[in-house]
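Peer 1: Got a structure here, written out as structure tokens. Questions coming.
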Amino acid sequence: MAPLDLDTVDHALRQRVEAFMYHEADLLDGWLLDDWLTLLEPDVRYAVPAPDCPDGDPEKDMFLVHDDRFLLEQRVRQLLGGAAAAEMPQSKTQRMITNVSAMARDDGTVAARAKFVVYRSYRDRVDSFIGAYDHILVPHGTSYRFRYRKAVLALNSLLEQGKISIIV
Amino acid sequence: MDRLIRDEPENFRFRVNRRTLTDEAIFAEEMARIFDKCWLYLGHEAELGEPGEFRTRTVAGRRLIFMRDRQGEIGCFINACSHRGATICPNESGRARSFTCPYHGWTFDTGGNLMGLPDSAKYADGFDKAQLGLHRVRTESYRGFVFITFNPDPPSLTSYLGEMTSYLDLIPDQAQDPALGMEVLRGTQTYSARCNWKMVVENIGDGAHALVAHRRYLDMMIASGMDFSASTMMKDQYAHVMEGGHFVMQSSAGAWGRPSGEEEVVAQAERRRLLEERHGKAYADRLFAGPRALVMFPNFAVIDLIMGITIRVMQPVSPAFTSITQWQIAPRGEPAALRRQRLDNYLTFWGPAGMATPDDVAILESIQESFGGNRDDLWQDMSKGMNMDALSGQEELLLRHFWRRWAELVLDKAPAAEPHSIASDLPYTRSAATGAAGA
């Protein structure tokens with residue numbers, strides 16, 4: 001890892017990205033999933049690699065999730081429409097997002113990283129999903145949209161959680 | 001035994017007592033009479049490309065090393081030092097020249113032989129290193145699928161699998177290039193269901209739950225533009241029950257998932273042409289007949305959706321906890337478009353984060369919870385279709401078939417015959433003869 005040079009860190013950019021990620025977390029925790037969809041670019045990809053292949057290529061390797069916009073819209077419709085048995089009743093979630101960093105890329109997009117813990121309470125059970133985000137954000141008006149939304153789990157398996165029925 | 005299974009062909013009723021899904025003593029009997037006797041899936045030869053490559057995994061409660069030794073031979077060892085039992089290989093995967101125990105430094109080669117131990121002069125002359133290798137577990141392979149057994153006197157694997165071998169053949173016979181064979185893709189899905197293992201196996205042979213529990217997945221397919229309905233899903237569906245408790249559900253519903261793009265359509269046609277050329281039209285028709293699920297008693301499934309092919313093992317951990325591991329197996333060297341579609345086809349449904357599996361897990365867990373302390377003498381009903389020639393997977397024939405084998409092994413109960421006749425003239429043989437089935 002290169003030595004830290006605080007003079008090259010764009011603190012203002014980090015704060016903007018942080019605010020965006022907190023906003024996203026509020027939408028997801030509040031089950032405001034239709035609003036959440038507005039944060040996605042038309043060509044968005046949402047990826048969750050398999051725990052034993054965190055650096056995998058979704059076109060060659062097996063992932064846990066690799067959704068495009070159509071699939072995400074379907075997921076949202078199902079989750080809000082009561083079609084998913086795994087989310088009936090809807091679970092409660094709280095997302096802790098920390099260690100945010102942001103870097104402007106030459107093409108105008110922003111590489112945003114953060115650590116997360118998503119706690120999910122379903123009936124009397126609590127599952128936690130821990131990991132790191134590795135997003136590509138596109139400036140949109142006065143905010144951002146996701147072009148790539150990747151959640152790399154710091155888990156070895158889903159034995160404890162059983163499944164992922166929410167957006168992590 | 002009527003306390004546990006009531007198989008009453010004369011009344012067209014089949015019931016299983018819920019104690020079979022909760023009771024610790026029954027679980028212990030299952031371990032001894034099923035999991036210490038049957039052939040159990042361990043892994044695929046393609047996972048271990050190079051000599052010295054290994055995977056560690058747990059099968060039937062044993063922690064194992066699945067190994068390709070320096071000479072290239074596949075083997076399996078208990079992952080515990082022969083000295084005092086410390087874990088000899090802590091990593092999930094990798095390549096090794098040897099294994100050294102972290103406790104006292106005993107060292108083993110990749111064939112499990114004890115190579116050396118510190119202070120060996122302190123043992124008596126008769127102390128025989130050759131007797132102190134890692135405990136070897138018997139393995140046999142069928143076309144790349146590696147099974148193990150803890151049975152000291154097992155039948156051969158091919159006789160254990162019986163008729164199922166003709167279905168397993170359909171997997172490696174899809175290879176893009178026979179010389180390259182199949183590969184198990186990087187990325188393993190390991191998840192769990194807090195329920196009895198038998199319910200997870202049953203679920204695969206229970207075609208009737210799909211339209212209800214997985215409505216949301218089917219809606220997604222329809223929204224994506226697929227011509228898909230209950231009748232297309234069930235098209236030509238048949239259930240094939242085999243000796244040994246194995247079964248297959250097959251239909252000619254076409255591939256699941258989303259519509260193919262242009263590039264995929266071209267690549268699929270080319271693939272079909274290639275396989276017809278290699279195997280002949282009749283066999284290619286069978287290869288591409290439609291989605292099929294192969295379930296091998298007790299806990300192994302291969303789910304071939306024509307595109308994505310899933311290997312799934314369901315390991316009992318306790319009466320109310322099952323660990324599930326899934327891999328994708330695919331033709332090595334296939335065109336990128338087919339690989340992409342295969343993964344998309346698979347992920348949308350089958351993964352623990354897909355649009356179907358999480359609901360299965362949640363529903364199965366709710367069933368287990370509903371049993372509570374299970375002091376109420378309640379029964380699972382699996383009578384559907386007992387009064388008819390149940391040829392599809394929409395009735396409960398496959399469940400009864402699984403449970404009858406279970407009862408044979410665990411309760412020494414000779415299986416009753418279904419009250420109707422099960423056709424032995426299977427659709428695939430008819431299709432092959434007439435060339436009627438197609439993709």
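Residue numbering restarts at 1 in every chain; chains get A, B, ... in the order shown in the structure tokens, and ligands count up from 1 in that same order.
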Apply DSSP to the backbone of this structure and, from segment 98-136 of chain A, keep only the residues in strand (DSSP E or B); write these as an mmCIF file with all heavy atoms, in the first residue's frame.
Peer 2:
data_model
loop_
_atom_site.group_PDB
_atom_site.id
_atom_site.type_symbol
_atom_site.label_atom_id
_atom_site.label_comp_id
_atom_site.auth_asym_id
_atom_site.auth_seq_id
_atom_site.Cartn_x
_atom_site.Cartn_y
_atom_site.Cartn_z
ATOM 1 N N THR A 98 -18.943 3.153 7.438
ATOM 2 C CA THR A 98 -17.802 3.892 7.989
ATOM 3 C C THR A 98 -16.620 3.809 7.037
ATOM 4 O O THR A 98 -16.699 3.177 5.994
ATOM 5 C CB THR A 98 -17.355 3.307 9.346
ATOM 6 O OG1 THR A 98 -16.764 2.038 9.109
ATOM 7 C CG2 THR A 98 -18.507 3.158 10.313
ATOM 8 N N ASN A 99 -15.506 4.460 7.464
ATOM 9 C CA ASN A 99 -14.238 4.363 6.724
ATOM 10 C C ASN A 99 -14.416 4.707 5.248
ATOM 11 O O ASN A 99 -13.923 4.005 4.361
ATOM 12 C CB ASN A 99 -13.637 2.949 6.831
ATOM 13 C CG ASN A 99 -13.457 2.482 8.256
ATOM 14 O OD1 ASN A 99 -14.311 2.728 9.104
ATOM 15 N ND2 ASN A 99 -12.354 1.821 8.531
ATOM 16 N N VAL A 100 -15.194 5.763 5.007
ATOM 17 C CA VAL A 100 -15.490 6.134 3.623
ATOM 18 C C VAL A 100 -14.272 6.796 2.990
ATOM 19 O O VAL A 100 -13.599 7.610 3.614
ATOM 20 C CB VAL A 100 -16.698 7.099 3.579
ATOM 21 C CG1 VAL A 100 -16.969 7.576 2.152
ATOM 22 C CG2 VAL A 100 -17.932 6.421 4.173
ATOM 23 N N SER A 101 -14.001 6.416 1.757
ATOM 24 C CA SER A 101 -12.996 7.146 0.989
ATOM 25 C C SER A 101 -13.539 7.361 -0.410
ATOM 26 O O SER A 101 -14.385 6.601 -0.880
ATOM 27 C CB SER A 101 -11.676 6.376 0.945
ATOM 28 O OG SER A 101 -11.807 5.239 0.135
ATOM 29 N N ALA A 102 -13.079 8.414 -1.061
ATOM 30 C CA ALA A 102 -13.583 8.728 -2.396
ATOM 31 C C ALA A 102 -12.451 9.283 -3.239
ATOM 32 O O ALA A 102 -11.608 10.029 -2.742
ATOM 33 C CB ALA A 102 -14.715 9.759 -2.301
ATOM 34 N N MET A 103 -12.455 8.870 -4.489
ATOM 35 C CA MET A 103 -11.408 9.338 -5.375
ATOM 36 C C MET A 103 -12.017 9.655 -6.735
ATOM 37 O O MET A 103 -12.731 8.825 -7.305
ATOM 38 C CB MET A 103 -10.353 8.239 -5.536
ATOM 39 C CG MET A 103 -8.998 8.752 -5.953
ATOM 40 S SD MET A 103 -7.810 7.400 -6.009
ATOM 41 C CE MET A 103 -8.509 6.392 -7.293
ATOM 42 N N ALA A 104 -11.746 10.890 -7.211
ATOM 43 C CA ALA A 104 -12.263 11.270 -8.530
ATOM 44 C C ALA A 104 -11.493 10.494 -9.590
ATOM 45 O O ALA A 104 -10.288 10.325 -9.495
ATOM 46 C CB ALA A 104 -12.087 12.766 -8.744
ATOM 47 N N VAL A 110 -16.693 8.719 -9.755
ATOM 48 C CA VAL A 110 -16.031 8.703 -8.453
ATOM 49 C C VAL A 110 -15.944 7.262 -7.951
ATOM 50 O O VAL A 110 -16.950 6.533 -7.977
ATOM 51 C CB VAL A 110 -16.825 9.551 -7.428
ATOM 52 C CG1 VAL A 110 -16.210 9.443 -6.028
ATOM 53 C CG2 VAL A 110 -16.882 11.008 -7.875
ATOM 54 N N ALA A 111 -14.749 6.869 -7.539
ATOM 55 C CA ALA A 111 -14.591 5.556 -6.902
ATOM 56 C C ALA A 111 -14.812 5.744 -5.416
ATOM 57 O O ALA A 111 -14.098 6.498 -4.758
ATOM 58 C CB ALA A 111 -13.189 5.007 -7.169
ATOM 59 N N ALA A 112 -15.847 5.096 -4.898
ATOM 60 C CA ALA A 112 -16.202 5.280 -3.486
ATOM 61 C C ALA A 112 -16.048 3.950 -2.768
ATOM 62 O O ALA A 112 -16.535 2.919 -3.231
ATOM 63 C CB ALA A 112 -17.646 5.766 -3.382
ATOM 64 N N ARG A 113 -15.356 4.000 -1.639
ATOM 65 C CA ARG A 113 -15.197 2.778 -0.833
ATOM 66 C C ARG A 113 -15.647 3.046 0.589
ATOM 67 O O ARG A 113 -15.540 4.177 1.069
ATOM 68 C CB ARG A 113 -13.727 2.346 -0.794
ATOM 69 C CG ARG A 113 -13.204 1.861 -2.118
ATOM 70 C CD ARG A 113 -11.688 1.791 -2.089
ATOM 71 N NE ARG A 113 -11.174 1.436 -3.386
ATOM 72 C CZ ARG A 113 -10.735 0.212 -3.712
ATOM 73 N NH1 ARG A 113 -10.728 -0.747 -2.819
ATOM 74 N NH2 ARG A 113 -10.305 -0.037 -4.916
ATOM 75 N N ALA A 114 -16.097 2.003 1.241
ATOM 76 C CA ALA A 114 -16.494 2.144 2.638
ATOM 77 C C ALA A 114 -16.564 0.759 3.261
ATOM 78 O O ALA A 114 -16.602 -0.247 2.547
ATOM 79 C CB ALA A 114 -17.862 2.824 2.745
ATOM 80 N N LYS A 115 -16.539 0.711 4.578
ATOM 81 C CA LYS A 115 -16.815 -0.544 5.293
ATOM 82 C C LYS A 115 -18.275 -0.510 5.735
ATOM 83 O O LYS A 115 -18.834 0.563 5.978
ATOM 84 C CB LYS A 115 -15.933 -0.672 6.542
ATOM 85 C CG LYS A 115 -14.477 -0.360 6.330
ATOM 86 C CD LYS A 115 -13.760 -1.455 5.609
ATOM 87 C CE LYS A 115 -12.270 -1.160 5.565
ATOM 88 N NZ LYS A 115 -11.566 -2.033 4.629
ATOM 89 N N PHE A 116 -18.866 -1.695 5.845
ATOM 90 C CA PHE A 116 -20.257 -1.701 6.310
ATOM 91 C C PHE A 116 -20.524 -2.872 7.245
ATOM 92 O O PHE A 116 -19.843 -3.903 7.208
ATOM 93 C CB PHE A 116 -21.236 -1.756 5.131
ATOM 94 C CG PHE A 116 -21.180 -3.043 4.327
ATOM 95 C CD1 PHE A 116 -21.852 -4.182 4.753
ATOM 96 C CD2 PHE A 116 -20.456 -3.101 3.143
ATOM 97 C CE1 PHE A 116 -21.809 -5.363 4.017
ATOM 98 C CE2 PHE A 116 -20.411 -4.279 2.400
ATOM 99 C CZ PHE A 116 -21.082 -5.418 2.841
ATOM 100 N N VAL A 117 -21.537 -2.653 8.077
ATOM 101 C CA VAL A 117 -22.204 -3.749 8.761
ATOM 102 C C VAL A 117 -23.689 -3.524 8.542
ATOM 103 O O VAL A 117 -24.193 -2.427 8.805
ATOM 104 C CB VAL A 117 -21.948 -3.754 10.284
ATOM 105 C CG1 VAL A 117 -22.599 -4.975 10.920
ATOM 106 C CG2 VAL A 117 -20.470 -3.699 10.594
ATOM 107 N N VAL A 118 -24.360 -4.527 7.995
ATOM 108 C CA VAL A 118 -25.810 -4.445 7.873
ATOM 109 C C VAL A 118 -26.397 -5.436 8.871
ATOM 110 O O VAL A 118 -26.144 -6.640 8.773
ATOM 111 C CB VAL A 118 -26.289 -4.791 6.443
ATOM 112 C CG1 VAL A 118 -27.808 -4.683 6.357
ATOM 113 C CG2 VAL A 118 -25.618 -3.895 5.421
ATOM 114 N N TYR A 119 -27.120 -4.920 9.828
ATOM 115 C CA TYR A 119 -27.835 -5.788 10.767
ATOM 116 C C TYR A 119 -29.249 -5.990 10.236
ATOM 117 O O TYR A 119 -29.885 -5.026 9.808
ATOM 118 C CB TYR A 119 -27.910 -5.153 12.154
ATOM 119 C CG TYR A 119 -26.573 -5.029 12.841
ATOM 120 C CD1 TYR A 119 -25.921 -3.800 12.915
ATOM 121 C CD2 TYR A 119 -25.957 -6.138 13.419
ATOM 122 C CE1 TYR A 119 -24.696 -3.674 13.544
ATOM 123 C CE2 TYR A 119 -24.729 -6.025 14.050
ATOM 124 C CZ TYR A 119 -24.098 -4.797 14.107
ATOM 125 O OH TYR A 119 -22.884 -4.688 14.725
ATOM 126 N N ARG A 120 -29.691 -7.228 10.287
ATOM 127 C CA ARG A 120 -31.045 -7.534 9.804
ATOM 128 C C ARG A 120 -31.783 -8.328 10.877
ATOM 129 O O ARG A 120 -31.344 -9.409 11.257
ATOM 130 C CB ARG A 120 -30.974 -8.360 8.530
ATOM 131 C CG ARG A 120 -32.319 -8.928 8.075
ATOM 132 C CD ARG A 120 -32.148 -9.828 6.859
ATOM 133 N NE ARG A 120 -33.414 -10.386 6.402
ATOM 134 C CZ ARG A 120 -33.902 -11.578 6.771
ATOM 135 N NH1 ARG A 120 -33.231 -12.349 7.606
ATOM 136 N NH2 ARG A 120 -35.057 -12.006 6.307
ATOM 137 N N SER A 121 -32.891 -7.738 11.344
ATOM 138 C CA SER A 121 -33.719 -8.464 12.316
ATOM 139 C C SER A 121 -34.935 -9.029 11.605
ATOM 140 O O SER A 121 -35.673 -8.290 10.938
ATOM 141 C CB SER A 121 -34.225 -7.530 13.416
ATOM 142 O OG SER A 121 -33.146 -6.870 14.004
ATOM 143 N N TYR A 122 -35.104 -10.315 11.720
ATOM 144 C CA TYR A 122 -36.268 -10.963 11.121
ATOM 145 C C TYR A 122 -36.921 -11.767 12.224
ATOM 146 O O TYR A 122 -36.308 -12.677 12.785
ATOM 147 C CB TYR A 122 -35.843 -11.869 9.973
ATOM 148 C CG TYR A 122 -36.994 -12.578 9.297
ATOM 149 C CD1 TYR A 122 -37.855 -11.893 8.445
ATOM 150 C CD2 TYR A 122 -37.205 -13.933 9.506
ATOM 151 C CE1 TYR A 122 -38.904 -12.545 7.819
ATOM 152 C CE2 TYR A 122 -38.256 -14.602 8.875
ATOM 153 C CZ TYR A 122 -39.103 -13.900 8.039
ATOM 154 O OH TYR A 122 -40.136 -14.555 7.420
ATOM 155 N N ARG A 125 -34.765 -13.092 15.206
ATOM 156 C CA ARG A 125 -33.393 -13.450 14.853
ATOM 157 C C ARG A 125 -32.666 -12.244 14.273
ATOM 158 O O ARG A 125 -33.262 -11.451 13.546
ATOM 159 C CB ARG A 125 -33.473 -14.585 13.834
ATOM 160 C CG ARG A 125 -32.173 -14.932 13.181
ATOM 161 C CD ARG A 125 -32.394 -16.181 12.338
ATOM 162 N NE ARG A 125 -31.339 -16.324 11.360
ATOM 163 C CZ ARG A 125 -31.362 -17.218 10.383
ATOM 164 N NH1 ARG A 125 -32.391 -18.034 10.256
ATOM 165 N NH2 ARG A 125 -30.375 -17.302 9.545
ATOM 166 N N VAL A 126 -31.391 -12.109 14.612
ATOM 167 C CA VAL A 126 -30.596 -11.010 14.058
ATOM 168 C C VAL A 126 -29.444 -11.581 13.250
ATOM 169 O O VAL A 126 -28.670 -12.402 13.758
ATOM 170 C CB VAL A 126 -30.028 -10.101 15.169
ATOM 171 C CG1 VAL A 126 -29.225 -8.946 14.553
ATOM 172 C CG2 VAL A 126 -31.152 -9.558 16.047
ATOM 173 N N ASP A 127 -29.353 -11.188 11.994
ATOM 174 C CA ASP A 127 -28.216 -11.567 11.157
ATOM 175 C C ASP A 127 -27.379 -10.326 10.909
ATOM 176 O O ASP A 127 -27.906 -9.218 10.852
ATOM 177 C CB ASP A 127 -28.693 -12.095 9.798
ATOM 178 C CG ASP A 127 -29.369 -13.450 9.917
ATOM 179 O OD1 ASP A 127 -28.856 -14.290 10.678
ATOM 180 O OD2 ASP A 127 -30.413 -13.660 9.259
ATOM 181 N N SER A 128 -26.081 -10.536 10.762
ATOM 182 C CA SER A 128 -25.257 -9.399 10.372
ATOM 183 C C SER A 128 -24.449 -9.746 9.136
ATOM 184 O O SER A 128 -23.990 -10.882 8.966
ATOM 185 C CB SER A 128 -24.351 -8.961 11.515
ATOM 186 O OG SER A 128 -23.636 -10.056 12.019
ATOM 187 N N PHE A 129 -24.352 -8.771 8.268
ATOM 188 C CA PHE A 129 -23.558 -8.893 7.043
ATOM 189 C C PHE A 129 -22.454 -7.849 7.145
ATOM 190 O O PHE A 129 -22.749 -6.657 7.247
ATOM 191 C CB PHE A 129 -24.428 -8.622 5.820
ATOM 192 C CG PHE A 129 -25.570 -9.602 5.670
ATOM 193 C CD1 PHE A 129 -26.802 -9.348 6.273
ATOM 194 C CD2 PHE A 129 -25.406 -10.778 4.953
ATOM 195 C CE1 PHE A 129 -27.858 -10.245 6.142
ATOM 196 C CE2 PHE A 129 -26.458 -11.682 4.823
ATOM 197 C CZ PHE A 129 -27.683 -11.420 5.424
ATOM 198 N N ILE A 130 -21.207 -8.298 7.140
ATOM 199 C CA ILE A 130 -20.103 -7.350 7.241
ATOM 200 C C ILE A 130 -19.314 -7.372 5.945
ATOM 201 O O ILE A 130 -19.264 -8.398 5.254
ATOM 202 C CB ILE A 130 -19.186 -7.674 8.439
ATOM 203 C CG1 ILE A 130 -18.621 -9.104 8.334
ATOM 204 C CG2 ILE A 130 -19.937 -7.522 9.747
ATOM 205 C CD1 ILE A 130 -17.648 -9.447 9.438
ATOM 206 N N GLY A 131 -18.728 -6.228 5.613
ATOM 207 C CA GLY A 131 -17.968 -6.222 4.374
ATOM 208 C C GLY A 131 -17.534 -4.825 3.977
ATOM 209 O O GLY A 131 -17.509 -3.903 4.810
ATOM 210 N N ALA A 132 -17.176 -4.701 2.714
ATOM 211 C CA ALA A 132 -16.687 -3.425 2.186
ATOM 212 C C ALA A 132 -17.385 -3.117 0.869
ATOM 213 O O ALA A 132 -17.635 -4.013 0.062
ATOM 214 C CB ALA A 132 -15.179 -3.505 1.969
ATOM 215 N N TYR A 133 -17.722 -1.849 0.693
ATOM 216 C CA TYR A 133 -18.300 -1.400 -0.582
ATOM 217 C C TYR A 133 -17.195 -0.922 -1.504
ATOM 218 O O TYR A 133 -16.189 -0.355 -1.055
ATOM 219 C CB TYR A 133 -19.272 -0.233 -0.345
ATOM 220 C CG TYR A 133 -20.565 -0.635 0.326
ATOM 221 C CD1 TYR A 133 -21.034 0.059 1.448
ATOM 222 C CD2 TYR A 133 -21.329 -1.681 -0.173
ATOM 223 C CE1 TYR A 133 -22.226 -0.297 2.061
ATOM 224 C CE2 TYR A 133 -22.534 -2.035 0.437
ATOM 225 C CZ TYR A 133 -22.973 -1.343 1.553
ATOM 226 O OH TYR A 133 -24.151 -1.697 2.152
ATOM 227 N N ASP A 134 -17.444 -1.151 -2.773
ATOM 228 C CA ASP A 134 -16.503 -0.702 -3.799
ATOM 229 C C ASP A 134 -17.347 -0.222 -4.970
ATOM 230 O O ASP A 134 -17.682 -0.989 -5.862
ATOM 231 C CB ASP A 134 -15.609 -1.893 -4.189
ATOM 232 C CG ASP A 134 -14.426 -1.480 -5.041
ATOM 233 O OD1 ASP A 134 -14.327 -0.286 -5.377
ATOM 234 O OD2 ASP A 134 -13.612 -2.364 -5.365
ATOM 235 N N HIS A 135 -17.742 1.058 -4.906
ATOM 236 C CA HIS A 135 -18.740 1.576 -5.852
ATOM 237 C C HIS A 135 -18.100 2.470 -6.911
ATOM 238 O O HIS A 135 -17.045 3.063 -6.682
ATOM 239 C CB HIS A 135 -19.761 2.459 -5.120
ATOM 240 C CG HIS A 135 -20.517 1.760 -4.020
ATOM 241 N ND1 HIS A 135 -20.849 0.436 -4.063
ATOM 242 C CD2 HIS A 135 -21.018 2.243 -2.844
ATOM 243 C CE1 HIS A 135 -21.529 0.120 -2.956
ATOM 244 N NE2 HIS A 135 -21.636 1.199 -2.199
ATOM 245 N N ILE A 136 -18.788 2.595 -8.016
ATOM 246 C CA ILE A 136 -18.494 3.651 -8.987
ATOM 247 C C ILE A 136 -19.738 4.532 -9.049
ATOM 248 O O ILE A 136 -20.835 4.056 -9.360
ATOM 249 C CB ILE A 136 -18.219 3.080 -10.404
ATOM 250 C CG1 ILE A 136 -17.059 2.081 -10.393
ATOM 251 C CG2 ILE A 136 -17.955 4.233 -11.380
ATOM 252 C CD1 ILE A 136 -15.704 2.684 -10.166
#
Peer 1: Give the residues of chain A that lie within 9 Å of chain B; count only C-alpha atoms, and format the answer as a ChimeraX atom specification.
Peer 2: /A:49-54,56,58-67,70-71,74-75,78,83-87,156-166
Peer 1: Could you list, as a VMD selection string, every residue within 9 Å of segment 143-149 of chain A, counting only C-alpha atoms and ignoring same-chain residues fewer than 5 positions away?
Peer 2: chain A and resid 16 to 17 20 38 to 48 109 133 to 138
